[in-house]
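Shown here: run_30.cif, mmCIF, C-alpha atoms and all ligand atoms.
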```
data_coords
loop_
_atom_site.label_atom_id
_atom_site.label_comp_id
_atom_site.auth_asym_id
_atom_site.auth_seq_id
_atom_site.Cartn_x
_atom_site.Cartn_y
_atom_site.Cartn_z
CA MET N 2 5.53 -24.89 -15.71
CA VAL N 3 3.34 -23.82 -12.79
CA GLU N 4 -0.19 -22.41 -13.08
CA SER N 5 -1.50 -20.35 -10.15
CA GLU N 6 -4.80 -18.56 -9.55
CA PHE N 7 -5.21 -15.02 -8.26
CA ASP N 8 -8.09 -12.56 -7.90
CA VAL N 9 -6.05 -9.59 -9.15
CA VAL N 10 -2.80 -9.45 -11.09
CA ILE N 11 -0.91 -6.21 -11.61
CA LEU N 12 1.40 -5.88 -14.62
CA GLY N 13 4.11 -3.49 -13.45
CA SER N 14 5.78 -2.75 -10.13
CA GLY N 15 6.37 0.99 -10.40
CA PRO N 16 4.45 3.42 -8.16
CA ALA N 17 1.14 2.81 -9.97
CA GLY N 18 1.40 -0.98 -9.68
CA LEU N 19 2.60 -0.97 -6.06
CA GLN N 20 -0.12 1.41 -4.92
CA ALA N 21 -2.73 -0.70 -6.75
CA ALA N 22 -1.33 -3.77 -4.95
CA VAL N 23 -1.61 -2.16 -1.51
CA HIS N 24 -5.27 -1.30 -2.09
CA ALA N 25 -6.25 -4.57 -3.78
CA ALA N 26 -4.52 -6.68 -1.11
CA ARG N 27 -6.02 -4.62 1.75
CA ALA N 28 -9.45 -5.26 0.14
CA ARG N 29 -8.60 -8.96 0.67
CA ALA N 30 -8.10 -9.82 -2.98
CA LYS N 31 -5.44 -12.47 -3.61
CA THR N 32 -3.00 -10.23 -5.45
CA ALA N 33 0.16 -10.73 -7.52
CA VAL N 34 2.44 -7.96 -8.80
CA LEU N 35 4.68 -8.59 -11.80
CA GLY N 36 7.69 -6.71 -13.18
CA LYS N 37 11.09 -5.48 -12.09
CA ALA N 38 11.74 -2.50 -9.85
CA ARG N 39 14.87 -1.55 -11.79
CA SER N 40 12.80 -1.15 -14.98
CA SER N 41 10.55 1.46 -13.38
CA ALA N 42 11.00 5.03 -14.66
CA LEU N 43 11.37 5.95 -11.00
CA TYR N 44 14.33 3.70 -10.26
CA ARG N 45 17.07 6.18 -11.18
CA ALA N 46 15.12 9.35 -10.37
CA HIS N 47 15.71 11.77 -7.50
CA VAL N 48 12.38 13.06 -6.31
CA GLU N 49 11.64 16.37 -4.63
CA ASN N 50 8.09 17.21 -5.75
CA TYR N 51 6.08 14.27 -4.42
CA CYS N 52 3.64 15.09 -1.63
CA CYS N 53 4.99 15.07 1.93
CA LEU N 54 8.65 14.41 0.99
CA ASN N 55 10.53 17.45 2.20
CA ASP N 56 13.99 16.23 1.26
CA THR N 57 15.09 14.86 -2.10
CA VAL N 58 14.61 11.09 -2.03
CA SER N 59 15.96 8.46 -4.42
CA GLY N 60 13.39 6.69 -6.58
CA GLU N 61 15.02 3.38 -5.71
CA SER N 62 14.31 3.85 -2.00
CA ILE N 63 10.68 4.87 -2.68
CA LEU N 64 10.24 1.68 -4.72
CA ASN N 65 11.89 -0.48 -2.03
CA GLU N 66 9.53 0.93 0.60
CA GLY N 67 6.57 0.41 -1.74
CA ARG N 68 7.53 -3.21 -2.33
CA ARG N 69 7.81 -3.88 1.41
CA GLN N 70 4.46 -2.19 2.00
CA ALA N 71 2.69 -4.22 -0.72
CA GLU N 72 4.14 -7.45 0.71
CA LYS N 73 3.10 -6.44 4.24
CA PHE N 74 -0.52 -6.38 3.09
CA GLY N 75 -0.20 -9.80 1.47
CA ALA N 76 0.56 -9.11 -2.21
CA LEU N 77 2.93 -11.56 -3.89
CA LEU N 78 5.73 -9.84 -5.80
CA ILE N 79 7.04 -11.79 -8.79
CA ASP N 80 10.21 -10.36 -10.33
CA GLU N 81 9.32 -11.33 -13.89
CA ASP N 82 7.95 -9.72 -17.03
CA VAL N 83 4.77 -10.79 -18.74
CA VAL N 84 5.26 -12.16 -22.25
CA HIS N 85 1.63 -12.82 -23.16
CA ILE N 86 -1.85 -12.06 -21.85
CA GLU N 87 -5.19 -13.29 -23.18
CA GLN N 88 -8.79 -13.30 -22.03
CA LEU N 89 -10.49 -16.67 -21.72
CA GLU N 90 -14.11 -17.40 -22.64
CA ASP N 91 -15.13 -17.35 -18.97
CA GLY N 92 -13.85 -13.73 -18.67
CA ARG N 93 -10.69 -14.59 -16.70
CA PHE N 94 -7.24 -13.59 -17.94
CA ARG N 95 -4.39 -15.98 -18.58
CA VAL N 96 -1.03 -14.30 -18.01
CA GLU N 97 2.19 -15.94 -19.18
CA LEU N 98 5.51 -15.03 -17.55
CA GLU N 99 9.10 -15.14 -18.80
CA SER N 100 9.63 -18.43 -16.94
CA GLU N 101 6.60 -19.91 -18.78
CA ASP N 102 4.69 -20.08 -15.48
CA THR N 103 1.11 -18.85 -15.93
CA LEU N 104 -1.41 -17.02 -13.76
CA LEU N 105 -5.19 -17.31 -14.07
CA VAL N 106 -6.85 -14.16 -12.78
CA ARG N 107 -10.27 -12.58 -12.53
CA SER N 108 -9.07 -9.03 -12.94
CA ALA N 109 -5.88 -7.41 -14.27
CA ILE N 110 -4.32 -3.96 -13.98
CA LEU N 111 -1.99 -2.60 -16.65
CA ALA N 112 0.72 -0.51 -14.98
CA MET N 113 3.67 -1.05 -17.32
CA GLY N 114 4.61 2.60 -17.69
CA ILE N 115 5.97 3.83 -21.01
CA SER N 116 9.10 3.10 -22.97
CA ARG N 117 10.95 6.39 -23.36
CA ASN N 118 12.50 7.02 -26.75
CA ARG N 119 16.25 7.21 -26.45
CA LEU N 120 19.00 8.85 -28.45
CA ASN N 121 21.08 5.67 -28.37
CA VAL N 122 24.39 7.55 -28.37
CA PRO N 123 27.52 6.84 -26.31
CA GLY N 124 27.27 8.19 -22.77
CA GLU N 125 23.45 8.39 -22.66
CA LYS N 126 22.86 5.20 -20.69
CA GLU N 127 25.91 5.62 -18.46
CA LEU N 128 24.97 9.19 -17.43
CA LEU N 129 21.23 8.60 -16.93
CA GLY N 130 20.24 10.27 -13.65
CA ARG N 131 23.64 12.01 -13.57
CA GLY N 132 22.70 14.82 -15.94
CA VAL N 133 20.77 12.88 -18.58
CA SER N 134 17.00 13.13 -18.07
CA TYR N 135 13.88 12.34 -20.07
CA CYS N 136 11.60 14.72 -18.23
CA VAL N 137 11.93 18.53 -18.11
CA ASP N 138 8.88 18.81 -15.83
CA CYS N 139 10.45 16.42 -13.31
CA ASP N 140 14.07 17.51 -13.24
CA ALA N 141 14.26 21.17 -14.31
CA ASN N 142 14.96 22.38 -10.77
CA PHE N 143 18.07 20.24 -10.42
CA PHE N 144 19.66 22.42 -13.12
CA ARG N 145 18.99 25.85 -11.62
CA ASN N 146 21.70 28.32 -12.67
CA ARG N 147 23.41 25.77 -14.88
CA VAL N 148 23.78 25.26 -18.65
CA VAL N 149 21.38 22.72 -20.15
CA THR N 150 20.83 21.16 -23.56
CA VAL N 151 17.44 19.94 -24.76
CA VAL N 152 17.34 17.46 -27.66
CA GLY N 153 14.36 16.83 -29.92
CA ASN N 154 12.42 18.08 -32.93
CA GLY N 155 8.87 18.35 -31.65
CA SER N 156 6.77 20.46 -29.35
CA ALA N 157 7.90 18.57 -26.22
CA ALA N 158 11.50 19.63 -26.86
CA ALA N 159 10.66 23.21 -27.91
CA ALA N 160 8.35 23.81 -24.96
CA GLY N 161 10.87 22.11 -22.67
CA ALA N 162 13.64 24.46 -23.84
CA LEU N 163 11.42 27.49 -23.15
CA ARG N 164 10.63 26.19 -19.67
CA MET N 165 14.32 25.66 -18.96
CA LEU N 166 15.08 29.32 -19.76
CA VAL N 167 13.42 30.27 -16.47
CA VAL N 168 15.82 28.23 -14.32
CA ALA N 169 18.97 27.64 -16.38
CA THR N 170 21.66 30.25 -17.10
CA GLU N 171 21.87 29.07 -20.70
CA THR N 172 19.64 26.73 -22.73
CA HIS N 173 20.62 24.99 -25.97
CA LEU N 174 18.18 23.16 -28.24
CA VAL N 175 19.57 20.58 -30.66
CA CYS N 176 17.24 19.40 -33.43
CA ASP N 177 17.82 18.11 -36.91
CA SER N 178 14.46 19.44 -38.16
CA LEU N 179 12.25 21.60 -35.98
CA ASP N 180 8.69 20.36 -36.35
CA VAL N 181 6.51 22.71 -34.28
CA ALA N 182 3.56 25.08 -34.75
CA GLU N 183 4.37 28.59 -36.04
CA LYS N 184 3.64 30.27 -32.71
CA LEU N 185 5.99 27.99 -30.78
CA ARG N 186 8.68 28.40 -33.42
CA TYR N 187 8.38 32.18 -33.13
CA GLN N 188 8.55 32.02 -29.30
CA LEU N 189 11.63 29.87 -29.53
CA GLU N 190 13.40 31.96 -32.16
CA SER N 191 12.74 35.19 -30.32
CA SER N 192 13.89 33.74 -26.97
CA ARG N 193 17.41 33.40 -25.53
CA THR N 194 17.45 29.69 -26.52
CA ARG N 195 20.62 28.84 -28.46
CA LEU N 196 19.39 26.82 -31.42
CA HIS N 197 21.48 24.15 -33.15
CA LEU N 198 19.23 23.46 -36.13
CA GLY N 199 20.06 20.69 -38.58
CA ARG N 200 22.29 19.02 -36.00
CA LYS N 201 22.20 15.63 -34.29
CA VAL N 202 23.75 14.57 -31.00
CA SER N 203 26.53 12.05 -31.54
CA GLY N 204 27.58 11.53 -27.93
CA ILE N 205 27.42 12.70 -24.32
CA GLU N 206 30.61 13.19 -22.32
CA GLY N 207 31.11 13.09 -18.58
CA ASP N 208 32.39 11.02 -15.68
CA SER N 209 30.43 11.27 -12.44
CA GLU N 210 28.13 13.77 -14.21
CA VAL N 211 27.45 15.19 -17.66
CA ARG N 212 30.09 17.65 -18.92
CA ALA N 213 29.35 18.09 -22.65
CA VAL N 214 27.20 17.16 -25.60
CA LEU N 215 28.92 16.29 -28.88
CA LEU N 216 27.25 17.19 -32.19
CA ASP N 217 27.56 15.47 -35.55
CA ASN N 218 29.53 18.43 -36.99
CA GLY N 219 32.22 17.99 -34.33
CA GLU N 220 30.97 20.91 -32.22
CA LYS N 221 30.97 20.46 -28.42
CA ILE N 222 28.46 22.12 -26.07
CA GLU N 223 29.73 22.38 -22.48
CA THR N 224 26.61 21.51 -20.45
CA SER N 225 25.52 20.09 -17.09
CA GLY N 226 22.19 18.63 -18.18
CA VAL N 227 20.83 16.88 -21.26
CA PHE N 228 17.06 16.60 -21.60
CA VAL N 229 16.08 14.02 -24.19
CA GLU N 230 12.57 15.05 -25.23
CA LEU N 231 11.81 12.77 -28.15
CA GLY N 232 8.30 12.06 -27.00
CA ALA N 233 7.12 8.87 -25.34
CA LYS N 234 5.75 5.65 -26.73
CA GLY N 235 3.00 3.77 -24.84
CA ALA N 236 4.03 0.29 -23.66
CA ILE N 237 0.88 -1.21 -25.06
CA GLU N 238 2.05 -3.72 -27.62
CA LEU N 239 1.46 -6.52 -25.14
CA VAL N 240 -2.24 -5.78 -24.79
CA THR N 241 -3.32 -4.85 -28.29
CA GLY N 242 -4.44 -8.47 -28.80
CA LEU N 243 -6.98 -7.98 -25.99
CA GLY N 244 -8.74 -5.27 -27.99
CA VAL N 245 -7.85 -2.52 -25.52
CA ALA N 246 -8.97 0.92 -26.73
CA LEU N 247 -6.36 3.68 -26.92
CA ASP N 248 -6.86 7.38 -26.33
CA SER N 249 -8.38 8.88 -29.47
CA GLU N 250 -6.04 11.88 -29.55
CA SER N 251 -2.56 10.29 -29.62
CA MET N 252 -3.43 6.58 -29.97
CA ARG N 253 -0.40 5.88 -27.74
CA PHE N 254 -1.96 5.44 -24.31
CA VAL N 255 -4.59 3.16 -22.79
CA ALA N 256 -7.97 4.89 -22.62
CA VAL N 257 -9.62 4.66 -19.18
CA GLY N 258 -12.75 5.92 -17.45
CA LYS N 259 -13.06 7.47 -13.99
CA LYS N 260 -12.71 4.09 -12.30
CA GLN N 261 -9.51 3.41 -14.31
CA GLU N 262 -11.49 0.83 -16.25
CA THR N 263 -10.57 0.03 -19.86
CA ASN N 264 -13.10 -1.04 -22.49
CA VAL N 265 -12.33 -4.71 -21.64
CA PRO N 266 -14.38 -5.98 -18.66
CA GLY N 267 -12.13 -6.78 -15.68
CA LEU N 268 -9.13 -4.92 -17.15
CA TYR N 269 -7.94 -1.69 -15.53
CA ALA N 270 -4.96 0.59 -16.17
CA ALA N 271 -3.00 3.13 -14.11
CA GLY N 272 0.03 5.40 -14.27
CA ASP N 273 2.16 6.52 -17.21
CA ILE N 274 0.57 3.94 -19.51
CA CYS N 275 -2.61 6.06 -19.37
CA GLY N 276 -0.80 9.21 -20.55
CA PRO N 277 0.81 12.36 -19.13
CA PRO N 278 1.66 14.06 -16.83
CA TRP N 279 4.52 11.69 -15.96
CA GLN N 280 4.32 12.11 -12.21
CA ILE N 281 4.31 9.76 -9.23
CA ALA N 282 1.34 11.58 -7.71
CA LYS N 283 -0.81 10.79 -10.74
CA ALA N 284 0.48 7.20 -10.90
CA VAL N 285 -0.35 6.42 -7.26
CA GLY N 286 -3.75 8.18 -7.44
CA GLU N 287 -4.73 6.09 -10.42
CA GLY N 288 -3.16 2.97 -8.86
CA CYS N 289 -5.30 3.39 -5.75
CA VAL N 290 -8.53 3.62 -7.76
CA ALA N 291 -7.55 0.73 -10.05
CA GLY N 292 -6.61 -1.51 -7.09
CA LEU N 293 -9.91 -0.94 -5.30
CA GLU N 294 -11.98 -1.35 -8.46
CA ALA N 295 -10.15 -4.49 -9.63
CA ALA N 296 -10.60 -6.10 -6.20
CA ALA N 297 -14.32 -5.27 -6.24
CA TYR N 298 -14.66 -6.67 -9.76
CA ALA N 299 -12.86 -9.90 -8.84
CA ARG N 300 -15.00 -10.31 -5.73
CA LYS N 301 -18.20 -9.88 -7.72
CA ALA N 302 -17.03 -12.19 -10.50
CA SER N 303 -16.24 -14.91 -7.95
CA GLY N 304 -19.71 -14.58 -6.38
CA LYS N 305 -18.30 -13.55 -2.98
CA PRO N 306 -20.28 -10.99 -0.93
CA ALA N 307 -19.28 -7.30 -1.17
CA GLN N 308 -16.82 -5.90 1.43
CA GLY N 309 -18.60 -4.34 4.38
C1 LIG N 401 14.75 10.46 -14.84
C2 LIG N 401 13.33 10.57 -14.32
C3 LIG N 401 13.06 11.42 -13.26
C4 LIG N 401 11.76 11.52 -12.77
N1 LIG N 401 11.53 12.35 -11.70
C5 LIG N 401 10.29 12.45 -11.20
C6 LIG N 401 10.03 13.31 -10.09
O1 LIG N 401 10.92 13.98 -9.58
N2 LIG N 401 8.75 13.38 -9.64
C7 LIG N 401 7.73 12.67 -10.19
O2 LIG N 401 6.60 12.76 -9.70
N3 LIG N 401 7.94 11.85 -11.24
C8 LIG N 401 9.20 11.73 -11.75
N4 LIG N 401 9.42 10.92 -12.84
C9 LIG N 401 8.27 10.22 -13.45
C10 LIG N 401 7.87 8.97 -12.63
O3 LIG N 401 9.01 8.16 -12.40
C11 LIG N 401 6.80 8.20 -13.42
O4 LIG N 401 5.69 9.05 -13.67
C12 LIG N 401 6.33 6.98 -12.61
O5 LIG N 401 7.40 6.11 -12.30
C13 LIG N 401 5.25 6.23 -13.39
O6 LIG N 401 4.89 5.12 -12.66
P1 LIG N 401 4.28 3.81 -13.36
O7 LIG N 401 4.07 2.86 -12.25
O8 LIG N 401 3.15 4.19 -14.24
O9 LIG N 401 5.43 3.30 -14.36
P2 LIG N 401 6.92 2.86 -14.05
O10 LIG N 401 7.40 3.45 -12.77
O11 LIG N 401 7.72 3.14 -15.27
O12 LIG N 401 6.83 1.29 -13.81
C14 LIG N 401 6.56 0.43 -14.86
C15 LIG N 401 6.68 -0.99 -14.37
O13 LIG N 401 6.16 -1.86 -15.36
C16 LIG N 401 7.01 -2.97 -15.48
N5 LIG N 401 6.83 -3.60 -16.80
C17 LIG N 401 7.08 -3.09 -18.02
N6 LIG N 401 6.81 -4.00 -18.96
C18 LIG N 401 6.36 -5.10 -18.29
C19 LIG N 401 5.92 -6.38 -18.70
N7 LIG N 401 5.90 -6.76 -19.98
N8 LIG N 401 5.54 -7.26 -17.74
C20 LIG N 401 5.55 -6.92 -16.43
N9 LIG N 401 5.97 -5.71 -15.98
C21 LIG N 401 6.36 -4.83 -16.92
C22 LIG N 401 8.41 -2.41 -15.24
O14 LIG N 401 9.26 -3.48 -14.86
C23 LIG N 401 8.12 -1.44 -14.09
O15 LIG N 401 8.13 -2.16 -12.88
C24 LIG N 401 10.70 10.78 -13.36
C25 LIG N 401 10.97 9.91 -14.42
C26 LIG N 401 12.26 9.82 -14.91
C27 LIG N 401 12.55 8.89 -16.06
#
```
Just give me the structure of the file as structure tokens.
Amino acid sequence: MVESEFDVVILGSGPAGLQAAVHAARARAKTAVLGKARSSALYRAHVENYCCLNDTVSGESILNEGRRQAEKFGALLIDEDVVHIEQLEDGRFRVELESEDTLLVRSAILAMGISRNRLNVPGEKELLGRGVSYCVDCDANFFRNRVVTVVGNGSAAAAGALRMLVVATETHLVCDSLDVAEKLRYQLESSRTRLHLGRKVSGIEGDSEVRAVLLDNGEKIETSGVFVELGAKGAIELVTGLGVALDSESMRFVAVGKKQETNVPGLYAAGDICGPPWQIAKAVGEGCVAGLEAAAYARKASGKPAQG
């Protein structure tokens, strides 16, 4: 077991964590970034709406570039998950990794994204990024003039189905019990959305891309896209022991102020873990602020002079 000391540690190596690393390392903080690129929401995405990218770019290549950039500025990338984090009496954080190695740090940034609720049906995992998506806002345009199926009972699914009507030729909504406000229900029922109420998805069929959704009554919907909109759960279990405050509205995301600071001194958060919209632009904006602030905090806590 090895114990190492850092000024700033970043939990998560998606766009929020990598951008935080670039800024913290450039501010001369000794910085470590934890987590696996392939677990980032971005890894399987194809991106066309991020600033200054004119062509569609794979999420994997954006992450690879981001990793190289963070390393170029001196951040250490550790391809491991955190299993435990605690705050010591002197204010530092002790971070335990999968390998049982530990890091002692002055400041930490939570950038672990969110765990997306899944259908857990055959074909879902295999066809992710090939017709299966968890984000209408992100991927709607890839299904222009095609047939799509949205799955879910709540407002995210209902509103997603209505948004899809604008771009898709045909939109299906599968839900076993529609749980939305009256107005949204009325909008949905009076729209062209083809509702499959009281139904569950039992499987997704396809080879190189999605071809059909199978329902529990044996019905088959020929479709090119499946949007799983079951809501999103904040990946916050790891940090509840630190007494981190959550947003008062949903209680699912880490609450932060304008400097991306949490209620715990020295602890910052950025990206999806802080709540929607689920977009790279928001993640990197917050990552930038968190990286700079965490580096400044660590510098002050160590008694070093401020950066000129
Ligand atoms: C299919 C799909 C398509 C998308 N398309 C677009 C798009 O076109 N445009 C757009 O702007 N956005 C898109 N998004 C959303 C975008 O990917 C996210 O908003 C963005 O990745 C959030 O960045 P993040 O750094 O907060 O979290 P993530 O990118 O999810 O990264 C989280 C990181 O935390 C790490 N982690 C988790 N738990 C631990 C732990 N215990 N210890 C250490 N590390 C941990 C993971 O390994 C991962 O590295 C899409 C998302 C999906 C799923």
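The closest residue to ligand LIG 401 (chain N), picked from N:Gly75, N:Gly219, N:Gly288, N:Gly267 and counting all atoms listed in the file, is N:Gly288.
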| task | Find the distance between CA of Leu19 (chain N) and CA of Leu268 (chain N) and write it in Å to one decimal. | result |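 CA of Leu268 (chain N) lies 16.6 Å from CA of Leu19 (chain N).
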| task | Please indicate the distance in Å from CA of Ser108 (chain N) to atom N6 of ligand LIG 401 (chain N), rounded to one decimal place. | result |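 So the answer is 17.7 Å.
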| request: List all protein, DNA and RNA residues that have at least one atom no more than 7 Å from any atom of ligand LIG 401 (chain N), counting all atoms listed in the file, and write them as a PyMOL selection string. | output: chain N and resi 12-18+35-43+45-51+81-84+112-115+130+134-136+139-140+236+239+271-274+279-282+284
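For the choices N:Arg29, N:Arg300, N:Arg117, N:Arg95, the atom-to-atom distance to Phe74 (chain N) is smallest for N:Arg29 when using only C-alpha atoms.
The shortest atom-to-atom distance to Val265 (chain N), with only C-alpha atoms taken into account, belongs to N:Gly242 out of N:Gly242, N:Pro306, N:Gly226, N:Gly67.
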| field | Interatomic distance, CA of Phe94 (chain N) to CA of Arg107 (chain N) (Å, one decimal) | value | 6.3 Å
| Which one of N:Asp217, N:Glu250, N:Asp56, N:Glu262 sits closest to His197 (chain N) if you count only C-alpha atoms? |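 Of N:Asp217, N:Glu250, N:Asp56, N:Glu262, the one nearest His197 (chain N), counting only C-alpha atoms, is N:Asp217.
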